[in-house]
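A.B. asks: Hey, dropping run29.txt in here, compact mmCIF, C-alpha atoms and all ligand atoms:
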```txt
# COMPACT_ATOMS: atom_id res chain seq x y z
CA MET A 1 0.00 0.00 0.00
CA THR A 2 1.25 3.51 -0.82
CA TYR A 3 1.19 6.25 1.81
CA LEU A 4 1.71 9.95 1.13
CA VAL A 5 2.94 12.69 3.39
CA SER A 6 2.19 16.20 2.28
CA LYS A 7 3.97 19.02 4.08
CA PRO A 8 3.04 22.71 4.21
CA SER A 9 4.46 24.46 1.15
CA SER A 10 4.96 27.94 -0.26
CA ALA A 11 3.58 29.57 -3.41
CA LEU A 12 3.08 27.62 -6.64
CA ILE A 13 4.93 29.68 -9.24
CA SER A 14 5.34 27.59 -12.32
CA GLU A 15 4.04 26.32 -15.64
CA ALA A 16 2.78 22.75 -15.87
CA THR A 17 1.41 20.33 -18.43
CA ILE A 18 -1.25 18.03 -17.02
CA PRO A 19 -1.82 14.55 -18.55
CA GLY A 20 -4.62 13.86 -21.01
CA ASP A 21 -8.32 13.84 -20.24
CA LYS A 22 -9.45 10.45 -18.93
CA SER A 23 -13.00 10.57 -20.32
CA ILE A 24 -11.81 11.58 -23.80
CA SER A 25 -8.97 9.02 -23.81
CA HIS A 26 -11.42 6.15 -23.12
CA ARG A 27 -13.74 7.29 -25.89
CA ALA A 28 -10.93 7.75 -28.42
CA ILE A 29 -9.86 4.12 -27.90
CA MET A 30 -13.42 2.82 -28.13
CA PHE A 31 -14.34 4.71 -31.30
CA GLY A 32 -10.90 3.98 -32.80
CA ALA A 33 -11.35 0.24 -32.19
CA ILE A 34 -14.72 -0.01 -33.98
CA ALA A 35 -13.87 2.45 -36.77
CA GLU A 36 -12.46 1.51 -40.18
CA GLY A 37 -8.73 2.24 -40.46
CA GLN A 38 -6.14 3.57 -38.04
CA THR A 39 -6.74 6.03 -35.20
CA ARG A 40 -3.81 7.92 -33.73
CA ILE A 41 -4.42 9.30 -30.23
CA GLU A 42 -2.06 12.10 -29.23
CA GLY A 43 -1.82 13.18 -25.61
CA ILE A 44 -3.66 10.09 -24.34
CA LEU A 45 -3.75 9.56 -20.58
CA GLU A 46 -1.56 6.56 -19.77
CA GLY A 47 -3.28 5.93 -16.44
CA GLU A 48 -4.51 2.53 -15.23
CA ASP A 49 -8.18 3.19 -16.08
CA VAL A 50 -7.44 4.04 -19.71
CA LEU A 51 -4.95 1.19 -20.01
CA ALA A 52 -7.73 -1.14 -18.80
CA THR A 53 -9.85 -0.02 -21.77
CA LEU A 54 -6.88 -0.44 -24.12
CA ASN A 55 -6.14 -3.97 -22.82
CA ALA A 56 -9.80 -4.92 -23.18
CA PHE A 57 -9.73 -4.09 -26.90
CA GLU A 58 -6.38 -5.87 -27.37
CA LEU A 59 -8.05 -8.95 -25.87
CA MET A 60 -10.82 -8.54 -28.46
CA GLY A 61 -8.28 -8.62 -31.31
CA VAL A 62 -7.60 -4.91 -31.84
CA GLY A 63 -4.01 -4.03 -32.80
CA VAL A 64 -2.52 -1.37 -30.55
CA ASP A 65 0.87 0.31 -30.63
CA ARG A 66 2.48 2.86 -28.32
CA PRO A 67 5.12 4.47 -30.59
CA CYS A 68 6.16 7.11 -28.02
CA PRO A 69 4.98 8.39 -24.62
CA GLY A 70 1.52 9.92 -24.84
CA VAL A 71 0.74 8.45 -28.28
CA VAL A 72 -1.28 5.33 -29.00
CA THR A 73 -2.34 3.98 -32.37
CA VAL A 74 -5.38 1.74 -32.64
CA GLU A 75 -5.98 -0.40 -35.76
CA GLY A 76 -9.74 -0.18 -36.13
CA VAL A 77 -11.49 -3.46 -36.95
CA GLY A 78 -14.84 -1.94 -37.94
CA LYS A 79 -18.11 -2.20 -36.04
CA TYR A 80 -18.38 -5.99 -36.41
CA GLY A 81 -14.66 -6.87 -36.36
CA LEU A 82 -14.13 -7.45 -32.62
CA SER A 83 -13.46 -11.05 -31.58
CA GLU A 84 -14.50 -12.98 -28.47
CA PRO A 85 -12.00 -12.42 -25.63
CA VAL A 86 -10.43 -15.58 -24.22
CA ARG A 87 -10.94 -14.44 -20.64
CA PRO A 88 -13.04 -11.97 -18.64
CA LEU A 89 -12.15 -8.33 -19.25
CA ASP A 90 -10.77 -6.95 -15.98
CA LEU A 91 -11.46 -3.22 -15.88
CA GLY A 92 -9.79 -2.59 -12.53
CA ASN A 93 -11.20 0.52 -10.85
CA SER A 94 -12.71 2.04 -14.00
CA GLY A 95 -16.43 2.75 -13.99
CA THR A 96 -16.21 4.51 -17.36
CA SER A 97 -14.66 1.42 -19.00
CA MET A 98 -17.30 -0.87 -17.55
CA ARG A 99 -20.39 1.21 -18.29
CA LEU A 100 -19.39 2.29 -21.79
CA LEU A 101 -18.15 -1.18 -22.75
CA THR A 102 -21.41 -2.72 -21.54
CA GLY A 103 -23.20 -0.59 -24.14
CA LEU A 104 -20.69 -1.28 -26.89
CA LEU A 105 -20.63 -5.04 -26.24
CA ALA A 106 -24.39 -5.47 -25.92
CA GLY A 107 -24.70 -5.59 -29.71
CA GLN A 108 -21.77 -7.94 -30.44
CA ARG A 109 -22.15 -11.52 -31.64
CA PHE A 110 -20.14 -13.07 -28.78
CA ASP A 111 -20.37 -13.31 -25.00
CA THR A 112 -18.19 -11.18 -22.73
CA VAL A 113 -17.63 -11.06 -18.99
CA LEU A 114 -16.71 -7.71 -17.47
CA THR A 115 -15.20 -7.57 -14.00
CA GLY A 116 -13.09 -5.25 -11.86
CA ASP A 117 -11.70 -4.53 -8.42
CA GLU A 118 -13.75 -4.58 -5.20
CA SER A 119 -14.76 -0.90 -5.58
CA LEU A 120 -15.94 -1.38 -9.17
CA LYS A 121 -17.80 -4.58 -8.25
CA SER A 122 -19.79 -2.63 -5.67
CA ARG A 123 -20.86 0.20 -8.01
CA PRO A 124 -24.38 0.36 -9.49
CA MET A 125 -24.64 -1.16 -12.97
CA GLY A 126 -28.46 -1.43 -13.03
CA ARG A 127 -28.45 2.10 -14.46
CA VAL A 128 -26.94 0.76 -17.71
CA ILE A 129 -28.48 -2.73 -17.63
CA GLU A 130 -32.00 -1.28 -17.50
CA PRO A 131 -31.96 0.81 -20.74
CA LEU A 132 -29.80 -1.72 -22.58
CA SER A 133 -32.25 -4.50 -21.68
CA GLU A 134 -35.04 -2.29 -23.01
CA MET A 135 -33.08 -2.24 -26.29
CA GLY A 136 -32.99 -6.06 -26.28
CA ALA A 137 -29.63 -6.74 -24.62
CA ASP A 138 -29.18 -9.87 -22.51
CA ILE A 139 -27.02 -9.03 -19.48
CA GLU A 140 -26.58 -11.09 -16.31
CA SER A 141 -25.28 -9.40 -13.16
CA GLN A 142 -24.82 -9.99 -9.45
CA ASP A 143 -27.76 -7.97 -8.14
CA ASN A 144 -27.06 -5.20 -10.67
CA CYS A 145 -23.32 -5.22 -9.89
CA ALA A 146 -20.31 -6.67 -11.74
CA PRO A 147 -19.20 -9.23 -12.81
CA LEU A 148 -21.48 -8.77 -15.81
CA LEU A 149 -22.09 -11.43 -18.43
CA ILE A 150 -23.08 -9.76 -21.68
CA LYS A 151 -24.60 -12.34 -23.98
CA GLY A 152 -23.93 -12.09 -27.71
CA CYS A 153 -26.33 -12.26 -30.63
CA SER A 154 -28.90 -9.88 -29.20
CA GLU A 155 -30.81 -7.99 -31.85
CA LEU A 156 -30.94 -4.49 -30.45
CA GLN A 157 -33.69 -2.01 -31.25
CA GLY A 158 -33.43 1.74 -30.93
CA ILE A 159 -35.31 3.30 -28.01
CA GLN A 160 -36.22 6.71 -26.75
CA TYR A 161 -34.62 7.01 -23.35
CA VAL A 162 -35.07 9.68 -20.71
CA LEU A 163 -32.10 9.52 -18.36
CA PRO A 164 -33.25 9.23 -14.72
CA VAL A 165 -29.86 10.45 -13.40
CA ALA A 166 -27.46 12.95 -14.95
CA SER A 167 -24.85 10.43 -16.10
CA ALA A 168 -22.59 10.67 -19.12
CA GLN A 169 -21.66 7.03 -18.60
CA VAL A 170 -25.26 5.87 -18.92
CA LYS A 171 -25.91 8.22 -21.85
CA SER A 172 -22.76 6.96 -23.60
CA ALA A 173 -23.59 3.28 -22.99
CA VAL A 174 -26.98 3.80 -24.67
CA MET A 175 -25.37 5.76 -27.52
CA LEU A 176 -22.78 3.05 -28.16
CA ALA A 177 -25.48 0.36 -28.14
CA GLY A 178 -27.45 2.60 -30.51
CA LEU A 179 -24.66 2.17 -33.07
CA TYR A 180 -25.67 -1.52 -33.21
CA ALA A 181 -29.45 -1.12 -33.01
CA SER A 182 -32.05 -1.15 -35.73
CA GLY A 183 -33.83 2.16 -36.10
CA GLU A 184 -33.02 5.29 -34.18
CA THR A 185 -32.00 5.69 -30.55
CA SER A 186 -32.71 9.03 -28.95
CA ILE A 187 -31.81 10.22 -25.49
CA VAL A 188 -33.24 13.04 -23.40
CA GLU A 189 -31.15 14.41 -20.56
CA PRO A 190 -32.93 16.33 -17.80
CA VAL A 191 -29.56 17.87 -16.86
CA ALA A 192 -26.68 18.09 -19.33
CA SER A 193 -23.85 15.69 -18.52
CA ARG A 194 -20.44 15.73 -20.19
CA ASP A 195 -20.84 15.46 -23.97
CA HIS A 196 -17.52 13.93 -25.06
CA THR A 197 -19.22 10.94 -26.70
CA GLU A 198 -21.34 13.24 -28.86
CA ARG A 199 -18.28 15.28 -29.89
CA MET A 200 -16.18 12.17 -30.57
CA LEU A 201 -18.97 10.58 -32.61
CA ARG A 202 -19.14 13.73 -34.71
CA ALA A 203 -15.39 13.41 -35.40
CA PHE A 204 -15.54 9.70 -36.34
CA SER A 205 -18.86 9.60 -38.16
CA GLN A 206 -19.17 9.84 -41.89
CA LYS A 207 -22.73 11.12 -41.69
CA ARG A 208 -22.60 13.76 -39.01
CA SER A 209 -22.12 17.42 -39.51
CA GLU A 210 -21.91 20.33 -37.11
CA GLY A 211 -25.71 20.66 -37.12
CA SER A 212 -26.51 16.96 -36.52
CA LYS A 213 -28.75 16.32 -33.55
CA ALA A 214 -26.19 14.94 -31.15
CA LEU A 215 -28.50 12.69 -29.16
CA ARG A 216 -30.02 10.75 -32.05
CA ILE A 217 -28.03 7.72 -33.14
CA SER A 218 -28.81 5.24 -35.86
CA GLY A 219 -27.45 1.76 -36.43
CA ASP A 220 -26.13 2.66 -39.88
CA GLU A 221 -23.45 5.09 -38.67
CA LYS A 222 -20.13 4.37 -40.39
CA LEU A 223 -17.06 5.28 -38.36
CA VAL A 224 -13.69 6.16 -39.87
CA GLY A 225 -10.33 6.30 -38.03
CA GLN A 226 -9.09 9.75 -36.98
CA ILE A 227 -6.19 11.64 -35.47
CA VAL A 228 -7.46 12.57 -32.00
CA ARG A 229 -5.74 15.26 -29.92
CA VAL A 230 -6.63 14.82 -26.26
CA PRO A 231 -6.87 17.97 -24.09
CA SER A 232 -5.24 18.01 -20.65
CA ASP A 233 -7.68 16.84 -17.99
CA ILE A 234 -9.49 19.66 -16.16
CA SER A 235 -10.33 17.19 -13.36
CA SER A 236 -6.61 16.57 -12.73
CA ALA A 237 -5.76 20.26 -13.21
CA ALA A 238 -8.36 21.17 -10.55
CA PHE A 239 -6.07 19.90 -7.75
CA PHE A 240 -3.35 22.38 -8.68
CA ILE A 241 -5.82 25.17 -9.50
CA VAL A 242 -7.10 24.98 -5.92
CA GLY A 243 -3.53 24.71 -4.58
CA ALA A 244 -2.59 27.90 -6.44
CA CYS A 245 -5.74 29.71 -5.27
CA LEU A 246 -4.94 28.93 -1.65
CA LEU A 247 -1.16 29.33 -1.42
CA PRO A 248 -0.41 33.08 -1.15
CA GLY A 249 1.82 34.53 -3.88
CA SER A 250 1.05 31.74 -6.39
CA GLU A 251 1.00 32.23 -10.15
CA LEU A 252 0.42 28.97 -11.97
CA VAL A 253 0.04 28.44 -15.72
CA LEU A 254 -1.60 25.18 -16.82
CA LYS A 255 -1.30 24.41 -20.53
CA ARG A 256 -3.98 23.22 -22.96
CA ILE A 257 -6.65 22.32 -20.42
CA GLY A 258 -9.97 21.01 -21.74
CA ILE A 259 -12.69 23.59 -21.06
CA ASN A 260 -15.67 21.80 -22.55
CA PRO A 261 -18.68 23.72 -21.15
CA THR A 262 -20.11 20.49 -19.68
CA ARG A 263 -16.91 20.07 -17.63
CA ASP A 264 -15.80 23.56 -16.58
CA ALA A 265 -18.18 24.21 -13.66
CA VAL A 266 -15.25 23.91 -11.24
CA LEU A 267 -13.87 27.14 -12.72
CA ARG A 268 -17.24 28.85 -12.27
CA ILE A 269 -17.59 27.62 -8.67
CA LEU A 270 -14.08 28.69 -7.69
CA THR A 271 -14.52 32.07 -9.39
CA GLN A 272 -17.74 32.59 -7.40
CA MET A 273 -15.70 31.81 -4.28
CA GLY A 274 -13.26 34.57 -5.24
CA ALA A 275 -10.63 32.73 -7.31
CA LYS A 276 -8.63 34.59 -9.95
CA ILE A 277 -8.48 32.30 -12.98
CA SER A 278 -8.04 33.54 -16.55
CA ARG A 279 -8.11 31.76 -19.90
CA SER A 280 -5.89 32.38 -22.92
CA ASP A 281 -4.93 30.80 -26.25
CA ILE A 282 -8.26 29.03 -26.86
CA GLN A 283 -7.93 26.23 -29.46
CA ASP A 284 -9.91 23.26 -30.78
CA PHE A 285 -8.66 19.70 -30.17
CA THR A 286 -10.87 17.25 -32.12
CA ASN A 287 -14.10 19.15 -31.38
CA GLU A 288 -13.09 19.95 -27.79
CA PRO A 289 -12.19 23.49 -26.65
CA VAL A 290 -8.86 23.84 -24.80
CA CYS A 291 -7.00 26.84 -23.36
CA ASP A 292 -4.16 27.82 -21.06
CA LEU A 293 -5.33 28.67 -17.56
CA VAL A 294 -3.53 31.22 -15.38
CA VAL A 295 -4.30 31.05 -11.66
CA HIS A 296 -3.32 33.69 -9.10
CA SER A 297 -3.80 33.18 -5.37
CA SER A 298 -6.67 35.04 -3.73
CA GLU A 299 -8.96 35.02 -0.70
CA LEU A 300 -11.76 32.46 -1.07
CA TYR A 301 -15.23 32.76 0.50
CA GLY A 302 -17.83 30.09 1.24
CA ILE A 303 -20.83 29.92 -1.12
CA ASP A 304 -24.00 27.90 -1.69
CA ILE A 305 -23.01 25.90 -4.76
CA SER A 306 -25.70 26.05 -7.42
CA ILE A 307 -27.39 22.70 -8.13
CA GLN A 308 -27.05 23.66 -11.82
CA ASP A 309 -23.26 23.34 -11.47
CA VAL A 310 -23.20 19.91 -9.82
CA ALA A 311 -23.11 17.67 -12.93
CA GLY A 312 -20.45 19.84 -14.57
CA ALA A 313 -18.13 19.55 -11.57
CA ILE A 314 -19.07 16.06 -10.37
CA ASP A 315 -15.48 14.77 -10.19
CA GLU A 316 -14.10 17.96 -8.62
CA PHE A 317 -16.04 17.94 -5.33
CA PRO A 318 -13.21 16.39 -3.28
CA ILE A 319 -10.90 19.29 -4.14
CA ILE A 320 -13.75 21.84 -4.02
CA ALA A 321 -14.32 20.60 -0.44
CA VAL A 322 -10.68 21.42 0.34
CA ALA A 323 -11.15 24.91 -1.13
CA ALA A 324 -14.24 25.29 1.06
CA ALA A 325 -12.31 24.14 4.13
CA ALA A 326 -9.77 26.94 3.60
CA ALA A 327 -12.32 29.61 2.62
CA THR A 328 -13.91 32.17 4.91
CA GLY A 329 -17.49 31.18 5.81
CA ILE A 330 -19.73 28.22 5.03
CA THR A 331 -19.96 26.33 1.74
CA ARG A 332 -23.07 24.23 1.12
CA ILE A 333 -23.18 21.47 -1.52
CA ARG A 334 -26.58 19.96 -2.38
CA GLY A 335 -28.06 17.83 -5.18
CA ALA A 336 -24.88 15.76 -5.29
CA ALA A 337 -26.05 12.33 -4.08
CA GLU A 338 -24.14 10.82 -7.04
CA LEU A 339 -20.97 11.47 -5.02
CA ARG A 340 -21.98 8.53 -2.83
CA VAL A 341 -21.58 6.03 -5.69
CA LYS A 342 -18.23 7.11 -7.12
CA GLU A 343 -14.95 5.23 -6.50
CA SER A 344 -15.80 5.76 -2.80
CA ASP A 345 -18.65 7.49 -0.99
CA ARG A 346 -17.03 10.89 -1.53
CA ILE A 347 -19.37 12.73 0.84
CA THR A 348 -18.42 10.52 3.79
CA ALA A 349 -14.76 10.33 2.75
CA MET A 350 -14.33 14.12 2.57
CA VAL A 351 -16.36 14.92 5.69
CA ASN A 352 -14.47 12.30 7.76
CA GLY A 353 -11.10 13.49 6.47
CA LEU A 354 -11.81 17.19 6.98
CA CYS A 355 -13.13 16.56 10.52
CA ALA A 356 -9.92 14.62 11.30
CA LEU A 357 -8.01 17.76 10.24
CA GLY A 358 -9.94 20.06 12.58
CA ILE A 359 -12.48 21.44 10.09
CA GLU A 360 -16.18 21.66 10.90
CA ALA A 361 -17.92 19.60 8.22
CA SER A 362 -21.15 17.62 8.14
CA GLU A 363 -22.98 15.33 5.73
CA THR A 364 -26.46 15.68 4.29
CA PRO A 365 -28.05 12.90 2.21
CA ASP A 366 -27.09 14.68 -1.02
CA GLY A 367 -24.18 16.89 -0.06
CA MET A 368 -22.18 18.48 2.72
CA ASP A 369 -21.72 21.69 4.70
CA ILE A 370 -18.18 22.87 5.30
CA THR A 371 -17.17 25.77 7.54
CA GLY A 372 -13.82 27.22 6.50
CA GLY A 373 -10.99 27.42 9.03
CA GLN A 374 -7.35 26.49 9.54
CA ILE A 375 -6.69 22.96 8.22
CA LYS A 376 -4.51 21.18 10.78
CA GLY A 377 -2.07 18.32 10.30
CA GLY A 378 -3.20 14.74 10.81
CA GLN A 379 -3.93 11.43 9.17
CA VAL A 380 -6.70 10.65 6.68
CA ASP A 381 -7.91 7.66 4.71
CA SER A 382 -8.44 7.90 0.94
CA TYR A 383 -10.89 4.94 0.99
CA GLY A 384 -8.93 3.70 -2.03
CA ASP A 385 -10.19 6.66 -4.06
CA HIS A 386 -7.69 8.52 -6.27
CA ARG A 387 -9.42 11.88 -6.05
CA ILE A 388 -9.77 11.77 -2.25
CA ALA A 389 -6.04 11.00 -1.95
CA MET A 390 -5.04 13.87 -4.27
CA ALA A 391 -7.43 16.33 -2.60
CA PHE A 392 -5.85 15.70 0.82
CA ALA A 393 -2.35 15.84 -0.68
CA VAL A 394 -3.14 19.40 -1.80
CA ALA A 395 -4.67 20.14 1.62
CA GLY A 396 -1.27 19.24 3.13
CA GLY A 397 0.28 22.19 1.27
CA ILE A 398 -1.96 24.70 3.07
CA ALA A 399 -2.31 22.91 6.42
CA SER A 400 -0.53 24.05 9.59
CA ALA A 401 1.35 20.71 9.77
CA GLU A 402 1.88 17.63 7.61
CA ILE A 403 -0.99 15.41 6.47
CA LYS A 404 -0.52 11.65 6.10
CA ILE A 405 -2.72 9.93 3.54
CA CYS A 406 -3.30 6.16 3.70
CA ASP A 407 -3.92 4.10 0.58
CA ALA A 408 -2.87 6.34 -2.28
CA ASP A 409 -2.19 3.59 -4.85
CA ASN A 410 -5.22 4.41 -6.98
CA ILE A 411 -3.82 7.83 -7.90
CA ALA A 412 -2.27 5.82 -10.76
CA THR A 413 -5.74 5.24 -12.22
CA SER A 414 -6.14 8.85 -13.35
CA PHE A 415 -2.91 10.79 -12.68
CA PRO A 416 0.18 8.56 -12.48
CA ASP A 417 2.61 11.54 -12.39
CA PHE A 418 0.66 13.42 -9.73
CA VAL A 419 3.37 13.43 -7.03
CA GLU A 420 6.14 14.27 -9.50
CA ILE A 421 4.27 17.19 -11.09
CA ALA A 422 3.00 18.40 -7.69
CA ASN A 423 6.57 18.60 -6.40
CA GLN A 424 7.80 20.27 -9.61
CA ILE A 425 5.33 23.12 -9.18
CA GLY A 426 6.11 23.64 -5.48
CA LEU A 427 4.14 21.20 -3.33
CA ASN A 428 6.06 19.02 -0.91
CA ILE A 429 4.78 15.43 -1.09
CA SER A 430 6.66 12.21 -0.40
CA GLU A 431 5.49 8.64 -0.85
CA SER A 432 6.35 5.37 0.81
CA ASP A 433 5.11 1.81 0.94
CA SER A 434 4.90 1.80 4.74
CA MET A 435 3.52 4.23 7.25
CA GLU A 436 6.70 4.04 9.36
CA ASN A 437 8.93 5.26 6.51
CA VAL A 438 6.97 8.32 5.47
C1 LIG A 501 -17.46 10.01 -16.75
C2 LIG A 501 -18.66 10.43 -16.27
C3 LIG A 501 -18.91 10.75 -14.86
C4 LIG A 501 -17.61 10.92 -14.08
C5 LIG A 501 -16.60 9.86 -14.41
C6 LIG A 501 -16.27 9.86 -15.90
C7 LIG A 501 -17.34 9.69 -18.19
O1 LIG A 501 -19.65 9.70 -14.27
O2 LIG A 501 -17.87 10.93 -12.70
O3 LIG A 501 -15.40 10.06 -13.68
O4 LIG A 501 -16.21 9.60 -18.70
O5 LIG A 501 -18.38 9.54 -18.84
P1 LIG A 501 -21.26 9.66 -14.42
O6 LIG A 501 -21.56 9.75 -15.84
O7 LIG A 501 -21.69 8.35 -13.82
O8 LIG A 501 -21.75 10.84 -13.63
```
Go ahead and express the file in the form of structure tokens.
Ligand code: S3P

C.D. replies:
Amino acid sequence: MTYLVSKPSSALISEATIPGDKSISHRAIMFGAIAEGQTRIEGILEGEDVLATLNAFELMGVGVDRPCPGVVTVEGVGKYGLSEPVRPLDLGNSGTSMRLLTGLLAGQRFDTVLTGDESLKSRPMGRVIEPLSEMGADIESQDNCAPLLIKGCSELQGIQYVLPVASAQVKSAVMLAGLYASGETSIVEPVASRDHTERMLRAFSQKRSEGSKALRISGDEKLVGQIVRVPSDISSAAFFIVGACLLPGSELVLKRIGINPTRDAVLRILTQMGAKISRSDIQDFTNEPVCDLVVHSSELYGIDISIQDVAGAIDEFPIIAVAAAAATGITRIRGAAELRVKESDRITAMVNGLCALGIEASETPDGMDITGGQIKGGQVDSYGDHRIAMAFAVAGGIASAEIKICDADNIATSFPDFVEIANQIGLNISESDSMENV
């Protein structure tokens, strides 16, 4: 098990390049694998979750090469070119791999078993099984949890589906199944979730144009291999953005960060709290907007976070909770019950950790209240969750004494170079495989 110790640090004055976006990396592999011809993915995240997706397709006969760091080529086999894997596909900790692959595999002509680690096996899969079954898929589960057996040869039919929860993973699973269904599949989202699948489909599809209705998919889509440029991940950048906001005298430049409007609510929330964040050099990377972000330190104030911003910042609440803990006044988060079914129960994990560090924090069924104050030193548990571990590692930089974090191994799922980059920009984090040595 990996332990981290994060010591109080001074200003973050630096420029940093953050690894590629996890959500976009998964989708680029998936579309590349079922497209005709080669796909070259530049700036791909080489974290464990994305590698789990890559390995899954290799096991289904897709040729993959990694010619240099950050670049992967995928030899597309076409929509019906995948072959039956010889063993279950182990997706580790990755919910995105499991939910999206369930949709993509529901229309194949062979059986597949999807499994993962203990955390992934406890996460709700009924949310994808239900609409896919409505389309005609035959999926066996353990009480709506993995391992999942996806039976081949199902004839899928398009459906009209109204998403009961704001979930890009569910939406994307239905969209991917829609590529194999007869007729049209259409999806209605009560609240907009991240739209990377829609943007990626537009890049790979022969039929789609700028004006195509994104959430209507038909089984006759033809996909053609592409060069995909992956933006840097705003969810990973968020840890250092908050660090720079909170450490006086900071000036941090983060290059080519994805600022898709369905993902950038963390910037809006922090700005409402008083953060000074500016954008420059806006570009387009395969239908995704990117820019350089410049962050200057500033006083932060507690706010009531708008429910409208919850879906767009769903992965950033652990680090937003740290910002709230160091802000003046109370921050209230509501409408975020989804946080309870992420890699850990992130409401309980953050409230327990912050309380252990001397901050007044309490849970509600769908959120938390955090009263800002001086974060003290202490020991916290990550609950095996990468984002909880990284959030408390940043908290160590602003705390009055060092913070020890237990069980930080899963940082490698989304941000393998986290400790190295954190230390390059001015944080002070060390890692060890035993608590005694840290
Ligand atoms: C993701 C969607 C989100 C997010 C996850 C990645 C995706 O999950 O929390 O880390 O790539 O589609 P939900 O769609 O379940 O909210």

A.B. asks: Could you please extract the residues within 9 Å of ligand LIG 501 (chain A), counting only C-alpha atoms and all ligand atoms, and hand them back as a PyMOL selection string?

C.D. replies: chain A and resi 22-27+94-97+99-100+165-172+193-197+235+311+313-316+338-339+341-343

A.B. asks: Given only C-alpha atoms as the basis, pick out the residue of A:Val174, A:Ala146, A:Ile319, A:Val71 nearest to Ala106 (chain A).

C.D. replies: A:Val174

A.B. asks: At most 9 Å is the cut-off: for each residue in region 243-276 of chain A with any atom that close to an atom of region 385-401 of chain A, write down the nearest atom pair and the distance in Å rounded to one decimal, counting all atoms listed in the file, chain first then increasing number, as JSON lines.

C.D. replies:
```
{"residue": "A:Gly243", "atom": "CA", "partner": "A:Val394", "partner_atom": "CA", "distance": 6.0}
{"residue": "A:Leu246", "atom": "CA", "partner": "A:Ile398", "partner_atom": "CA", "distance": 7.0}
{"residue": "A:Leu247", "atom": "CA", "partner": "A:Ile398", "partner_atom": "CA", "distance": 6.5}
```

A.B. asks: Limited to C-alpha atoms, could you put the picked residues into a file as a tab-separated table (two decimals), in the frame of the given file?

C.D. replies:
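Once everything was written out, this is out-v6.tsv:
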```tsv
chain	number	residue	atom	x	y	z
A	243	GLY	CA	-3.53	24.71	-4.58
A	246	LEU	CA	-4.94	28.93	-1.65
A	247	LEU	CA	-1.16	29.33	-1.42
```

A.B. asks: For Thr112 (chain A), work out the shell of residues within 7 Å, counting all atoms listed in the file and skipping chain neighbours fewer than 6 positions away, then give it as a PDB file with C-alpha atoms, in the coordinates of the input.

C.D. replies:
```
ATOM      1  CA  PRO A  85     -12.000 -12.420 -25.630  1.00  0.00           C
ATOM      2  CA  PRO A  88     -13.040 -11.970 -18.640  1.00  0.00           C
ATOM      3  CA  LEU A 149     -22.090 -11.430 -18.430  1.00  0.00           C
ATOM      4  CA  ILE A 150     -23.080  -9.760 -21.680  1.00  0.00           C
ATOM      5  CA  LYS A 151     -24.600 -12.340 -23.980  1.00  0.00           C
TER       6      LYS A 151
END
```

A.B. asks: A:Asn260, A:Gln108, A:Ser232, A:Gln206: which is nearest Tyr180 (chain A), counting only C-alpha atoms?

C.D. replies: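 Looking only at the distances to Tyr180 (chain A), the closest residue turns out to be A:Gln108.
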
A.B. asks: What is the distance between CA of Asp284 (chain A) and CA of Met200 (chain A), in Å to one decimal?

C.D. replies: 12.7 Å

A.B. asks: What does the structure give for the distance between CA of Gln38 (chain A) and CA of Lys222 (chain A), in Å to one decimal?

C.D. replies: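 Separation between CA of Gln38 (chain A) and CA of Lys222 (chain A): 14.2 Å.
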
A.B. asks: Compare A:Ser133, A:Ala356, A:Gln424, A:Gly335 by their minimum atom-to-atom distance to Ile403 (chain A), counting all atoms listed in the file, and give me the closest one.

C.D. replies: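 Comparing A:Ser133, A:Ala356, A:Gln424, A:Gly335 against Ile403 (chain A), the winner is A:Ala356.
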
A.B. asks: Please return, as a list in words, all polymer residues that have at least one atom within 10 Å of the point (-6.3, 17.1, 12.0); use all atoms listed in the file and the file's own coordinate frame.

C.D. replies: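 Those residues lying close to the given coordinates are Gly353, Leu354, Cys355, Ala356, Leu357, Gly358, Ile359, Gln374, Ile375, Lys376, Gly377, Gly378, Gln379, Val380, Ala399, Ser400, Ala401, Glu402, Ile403 and Lys404 of chain A.
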
A.B. asks: Find the distance between CA of Arg334 (chain A) and CA of Glu363 (chain A) and write it in Å to one decimal.

C.D. replies: 10.0 Å

A.B. asks: Please provide as a VMD selection string all residues within 12 Å of Asp345 (chain A), with the sequence filter that same-chain residues fewer than 6 positions apart are discarded (counting all atoms listed in the file).

C.D. replies: chain A and resid 119 122 to 123 317 to 318 336 to 339 351 to 352 363 365 to 367 382 to 385 387 to 388

A.B. asks: Of the candidates A:Ile421, A:Thr413, A:Asp407, A:Thr271, which shows the shortest atom-to-atom distance to Ser434 (chain A), using all atoms listed in the file?

C.D. replies: A:Asp407

A.B. asks: With all atoms listed in the file as the atoms that count, which of A:Ala422, A:Val230, A:Thr53, A:Ser9 lies nearest to Arg40 (chain A)?

C.D. replies: A:Val230

A.B. asks: Taking all atoms of region 106-119 of chain A that the file lists, what box with edges along x, y and z, padded by 6 Å per side, do you get, with centre and edge lengths in Å to one decimal, as JSON?

C.D. replies:
```
{"center_x": -18.2, "center_y": -7.1, "center_z": -18.4, "size_x": 25.0, "size_y": 24.4, "size_z": 38.4}
```

A.B. asks: Restricting the calculation to only C-alpha atoms, which member of A:Ala327, A:Ile139, A:Val72, A:Leu293 is positioned closest to Gln272 (chain A)?

C.D. replies: A:Ala327
